[in-house]
$ cat structure10.txt   # compact mmCIF, C-alpha atoms
# COMPACT_ATOMS: atom_id res chain seq x y z
CA MET A 1 -11.18 25.06 11.64
CA GLU A 2 -10.50 21.60 10.18
CA LYS A 3 -10.52 21.32 6.39
CA SER A 4 -13.15 19.25 4.61
CA TYR A 5 -12.13 16.15 2.70
CA LYS A 6 -12.82 17.94 -0.62
CA GLU A 7 -10.29 20.63 0.35
CA LEU A 8 -7.70 17.95 1.20
CA MET A 9 -8.12 15.83 -1.95
CA PRO A 10 -6.06 18.11 -4.25
CA GLN A 11 -2.92 17.44 -2.18
CA ILE A 12 -3.21 13.63 -2.22
CA THR A 13 -0.35 11.87 -4.03
CA THR A 14 -0.50 8.59 -2.14
CA PHE A 15 -3.17 6.01 -1.39
CA ILE A 16 -2.66 3.47 1.37
CA PHE A 17 -5.24 0.77 2.03
CA ASP A 18 -5.88 -1.94 4.57
CA VAL A 19 -7.11 -5.24 3.06
CA ASP A 20 -9.64 -7.02 5.28
CA GLY A 21 -12.74 -4.88 5.69
CA VAL A 22 -11.59 -2.35 3.04
CA LEU A 23 -10.57 -4.26 -0.10
CA THR A 24 -12.66 -7.19 1.14
CA ASP A 25 -15.96 -7.29 2.99
CA GLY A 26 -14.17 -8.68 6.04
CA ILE A 27 -15.70 -12.13 5.66
CA VAL A 28 -13.30 -15.04 5.46
CA THR A 29 -14.52 -18.40 4.17
CA ILE A 30 -12.69 -21.29 5.80
CA PHE A 31 -12.44 -24.49 3.78
CA PRO A 32 -12.09 -27.93 5.45
CA ASP A 33 -8.37 -27.96 4.59
CA GLY A 34 -7.92 -24.69 6.52
CA GLN A 35 -7.52 -22.50 3.44
CA LEU A 36 -8.96 -19.00 3.88
CA ILE A 37 -10.76 -17.39 0.94
CA ARG A 38 -11.44 -13.64 0.57
CA THR A 39 -13.42 -11.83 -2.11
CA MET A 40 -12.35 -8.54 -3.74
CA ASN A 41 -14.41 -6.17 -5.87
CA ILE A 42 -13.36 -5.85 -9.51
CA LYS A 43 -14.32 -2.14 -9.55
CA ASP A 44 -11.87 -1.50 -6.70
CA GLY A 45 -9.25 -3.30 -8.78
CA TYR A 46 -9.90 -1.09 -11.79
CA ALA A 47 -9.50 2.07 -9.70
CA LEU A 48 -6.30 0.81 -8.05
CA LYS A 49 -4.79 -0.02 -11.44
CA LEU A 50 -5.80 3.40 -12.80
CA ALA A 51 -4.26 5.16 -9.76
CA VAL A 52 -0.97 3.33 -10.36
CA LYS A 53 -1.05 4.14 -14.11
CA SER A 54 -1.82 7.79 -13.28
CA GLY A 55 1.37 8.09 -11.22
CA TYR A 56 0.00 7.89 -7.68
CA ASN A 57 1.85 6.03 -4.97
CA VAL A 58 -0.28 3.05 -3.93
CA CYS A 59 0.57 0.96 -0.90
CA ILE A 60 -1.11 -1.83 1.05
CA ILE A 61 -0.56 -2.28 4.78
CA SER A 62 -2.39 -5.26 6.27
CA GLY A 63 -2.18 -7.53 9.26
CA GLY A 64 -3.17 -10.45 7.04
CA THR A 65 -0.65 -12.66 5.26
CA ASN A 66 -2.61 -14.27 2.41
CA ALA A 67 -0.36 -15.03 -0.60
CA ALA A 68 -3.30 -14.96 -3.04
CA VAL A 69 -4.13 -11.42 -1.90
CA LYS A 70 -0.55 -10.36 -2.58
CA SER A 71 -0.67 -11.97 -6.02
CA ARG A 72 -3.92 -10.16 -6.90
CA LEU A 73 -2.52 -6.80 -5.78
CA ARG A 74 0.73 -7.30 -7.70
CA GLY A 75 -1.38 -8.07 -10.77
CA LEU A 76 -2.91 -4.60 -10.42
CA GLY A 77 0.56 -3.04 -10.50
CA ILE A 78 0.94 -2.46 -6.77
CA THR A 79 4.52 -3.15 -5.69
CA ASP A 80 4.48 -1.81 -2.12
CA ILE A 81 2.62 -4.44 -0.14
CA TYR A 82 3.21 -4.89 3.57
CA LEU A 83 1.49 -8.02 4.88
CA GLY A 84 1.66 -9.38 8.42
CA ALA A 85 1.92 -5.83 9.77
CA ASP A 86 1.57 -6.00 13.55
CA ASN A 87 2.40 -2.33 14.05
CA LYS A 88 1.23 -0.44 10.97
CA ILE A 89 3.03 2.75 12.01
CA ASP A 90 6.39 1.05 11.36
CA GLN A 91 5.38 0.18 7.79
CA LEU A 92 3.88 3.62 7.20
CA GLU A 93 7.02 5.41 8.36
CA GLU A 94 9.26 3.11 6.30
CA TYR A 95 7.14 3.63 3.18
CA LEU A 96 6.99 7.42 3.58
CA ASP A 97 10.76 7.52 4.17
CA ILE A 98 11.61 5.36 1.12
CA TYR A 99 9.59 7.56 -1.25
CA ASN A 100 10.07 10.87 0.59
CA ILE A 101 6.29 11.33 1.02
CA LYS A 102 4.82 13.83 3.45
CA PRO A 103 2.02 12.49 5.69
CA GLU A 104 -0.30 15.32 4.60
CA ASN A 105 -0.19 13.94 1.03
CA VAL A 106 -1.48 10.52 2.14
CA LEU A 107 -5.02 9.16 2.06
CA TYR A 108 -5.27 6.06 4.26
CA MET A 109 -8.41 3.95 4.26
CA GLY A 110 -8.93 1.59 7.17
CA ASP A 111 -11.87 0.03 8.94
CA ASP A 112 -10.87 -1.24 12.39
CA ILE A 113 -8.86 -0.51 15.53
CA PRO A 114 -5.43 -1.63 14.15
CA ASP A 115 -5.74 1.21 11.58
CA LEU A 116 -6.42 3.91 14.19
CA PRO A 117 -2.80 4.93 15.02
CA VAL A 118 -1.84 5.19 11.34
CA MET A 119 -4.96 7.11 10.40
CA LYS A 120 -4.16 9.76 13.01
CA LEU A 121 -0.86 10.50 11.20
CA VAL A 122 -2.06 11.02 7.62
CA GLY A 123 -3.56 13.99 5.80
CA LEU A 124 -6.83 12.32 4.81
CA PRO A 125 -8.08 9.43 6.95
CA ALA A 126 -10.95 7.62 5.22
CA CYS A 127 -13.07 4.56 5.85
CA PRO A 128 -15.83 2.41 4.39
CA LYS A 129 -19.43 2.91 5.50
CA ASP A 130 -19.27 -0.16 7.75
CA ALA A 131 -16.06 0.72 9.63
CA VAL A 132 -16.14 0.52 13.42
CA PRO A 133 -17.30 3.71 15.22
CA GLU A 134 -13.80 4.59 16.48
CA ILE A 135 -12.54 4.70 12.87
CA GLN A 136 -15.58 6.60 11.61
CA ASN A 137 -15.04 9.19 14.35
CA ILE A 138 -11.54 10.11 13.09
CA SER A 139 -12.25 9.73 9.37
CA LEU A 140 -12.55 12.92 7.35
CA TYR A 141 -14.19 10.90 4.57
CA ILE A 142 -16.65 8.04 5.10
CA SER A 143 -17.53 6.29 1.86
CA GLN A 144 -21.17 5.45 1.21
CA LYS A 145 -19.88 2.04 0.11
CA LYS A 146 -19.08 -0.83 2.44
CA GLY A 147 -15.73 -2.61 2.61
CA GLY A 148 -15.27 -4.93 -0.36
CA ASN A 149 -18.19 -3.28 -2.12
CA GLY A 150 -16.56 -0.39 -3.96
CA CYS A 151 -15.32 1.92 -1.18
CA VAL A 152 -11.79 1.90 -2.63
CA ARG A 153 -13.12 2.75 -6.09
CA ASP A 154 -15.24 5.51 -4.54
CA VAL A 155 -12.39 7.30 -2.80
CA ILE A 156 -9.87 6.90 -5.64
CA GLU A 157 -12.41 8.13 -8.19
CA GLN A 158 -13.20 11.19 -6.07
CA VAL A 159 -9.53 12.15 -5.68
CA LEU A 160 -8.77 11.62 -9.37
CA LYS A 161 -11.82 13.66 -10.40
CA VAL A 162 -10.84 16.54 -8.10
CA GLN A 163 -7.37 16.45 -9.66
CA ASP A 164 -8.71 16.12 -13.25
CA LYS A 165 -7.08 12.71 -13.68
CA TRP A 166 -10.21 10.57 -13.96
CA SER A 167 -10.85 9.73 -17.58
CA LEU A 168 -13.44 7.47 -19.12
CA THR A 169 -11.11 6.80 -22.03
CA GLN A 170 -8.29 5.17 -20.04
CA GLU A 171 -7.99 1.40 -20.08

$ encode --input "structure10.txt" --output "structure tokens"
Amino acid sequence: MEKSYKELMPQITTFIFDVDGVLTDGIVTIFPDGQLIRTMNIKDGYALKLAVKSGYNVCIISGGTNAAVKSRLRGLGITDIYLGADNKIDQLEEYLDIYNIKPENVLYMGDDIPDLPVMKLVGLPACPKDAVPEIQNISLYISQKKGGNGCVRDVIEQVLKVQDKWSLTQE
């Protein structure tokens, strides 16, 4: 019998997230000059920063290439950021190899078809409430929050609480 997400959370050492549709709501505003603007949730940012400070591996693998997104993520302490990822499995395997991480210790949160192959390889596939049905079908955890609206905070907070690493006194 397959384990529940609560049974898998104690073994998570690594969080990997997609950007568009997970850290953002998937909406891109296009300005007349062609610049694309995305919006990220500050609560997700707090949880990402806390995960990094608490010693978790945090990685971003995204098909997008926005420099402002990379700058925001670096500001949260995330150093492993793969943008422009056409085949996310390549980046996943490289990342796991560099840090000697086992797939069963990885929580990956994605929302759309490009995330499907990667999510099939990790220990805890997760998604936001508004992920496409194919992603929801393979996710062991579906957040009650939508992409860009706190789903990253939700899943990080749950893992840290299960592992007694969530503290209201941390900055």

$ atom_distance --input "structure10.txt" --atom1 "atom CA of A:Leu107" --atom2 "atom CA of A:Gly84"
20.7 Å

$ closest_residue --input "structure10.txt" --among "A:Ile98, A:Ile61, A:Cys127, A:Met9" --to "A:Gly150" --atoms "all atoms listed in the file"
A:Cys127

$ closest_residue --input "structure10.txt" --among "A:Ile89, A:Leu96, A:Val19, A:Ala131" --to "A:Pro117" --atoms "all atoms listed in the file"
A:Ile89

$ closest_residue --input "structure10.txt" --among "A:Asn105, A:Gln144, A:Thr39, A:Gln158" --to "A:Ala68" --atoms "only C-alpha atoms"
A:Thr39

$ closest_residue --input "structure10.txt" --among "A:Arg38, A:Val155, A:Lys165, A:Ser143" --to "A:Lys53" --atoms "all atoms listed in the file"
A:Lys165

$ closest_residue --input "structure10.txt" --among "A:Leu121, A:Leu83, A:Leu140, A:Ile42" --to "A:Arg153" --atoms "all atoms listed in the file"
A:Ile42

$ closest_residue --input "structure10.txt" --among "A:Phe31, A:Trp166, A:Tyr82, A:Tyr141" --to "A:Val58" --atoms "all atoms listed in the file"
A:Tyr82

$ atom_distance --input "structure10.txt" --atom1 "atom CA of A:Ala85" --atom2 "atom CA of A:Thr14"
18.9 Å

$ residues_near_point --input "structure10.txt" --point "(-4.6, 15.2, 4.9)" --cutoff "12 Å" --atoms "all atoms listed in the file" --output "PyMOL selection string"
chain A and resi 2-15+102-109+119-126+138-141

$ atom_distance --input "structure10.txt" --atom1 "atom CA of A:Gln35" --atom2 "atom CA of A:Gly64"
13.3 Å

$ axis_aligned_box --input "structure10.txt" --around "stretch 88-99 of chain A" --padding-each-side "3 Å" --output "lines of an AutoDock Vina configuration file"
center_x = 6.4
center_y = 3.6
center_z = 5.4
size_x = 16.4
size_y = 14.0
size_z = 19.3

$ residues_near_point --input "structure10.txt" --point "(-5.2, 0.5, -11.2)" --cutoff "12 Å" --atoms "all atoms listed in the file" --output "ChimeraX atom specification"
/A:15,42-59,72-79,152-153,156-157,160,166,170-171

$ residues_around --input "structure10.txt" --residues "A:Leu36" --least-positions-apart "3" --cutoff "10 Å" --atoms "all atoms listed in the file" --output "PyMOL selection string"
chain A and resi 27-33+66+68

$ residues_around --input "structure10.txt" --residues "A:Asp130" --least-positions-apart "2" --cutoff "8 Å" --atoms "all atoms listed in the file" --output "number ranges by chain"
A: 111, 128, 132, 145-147
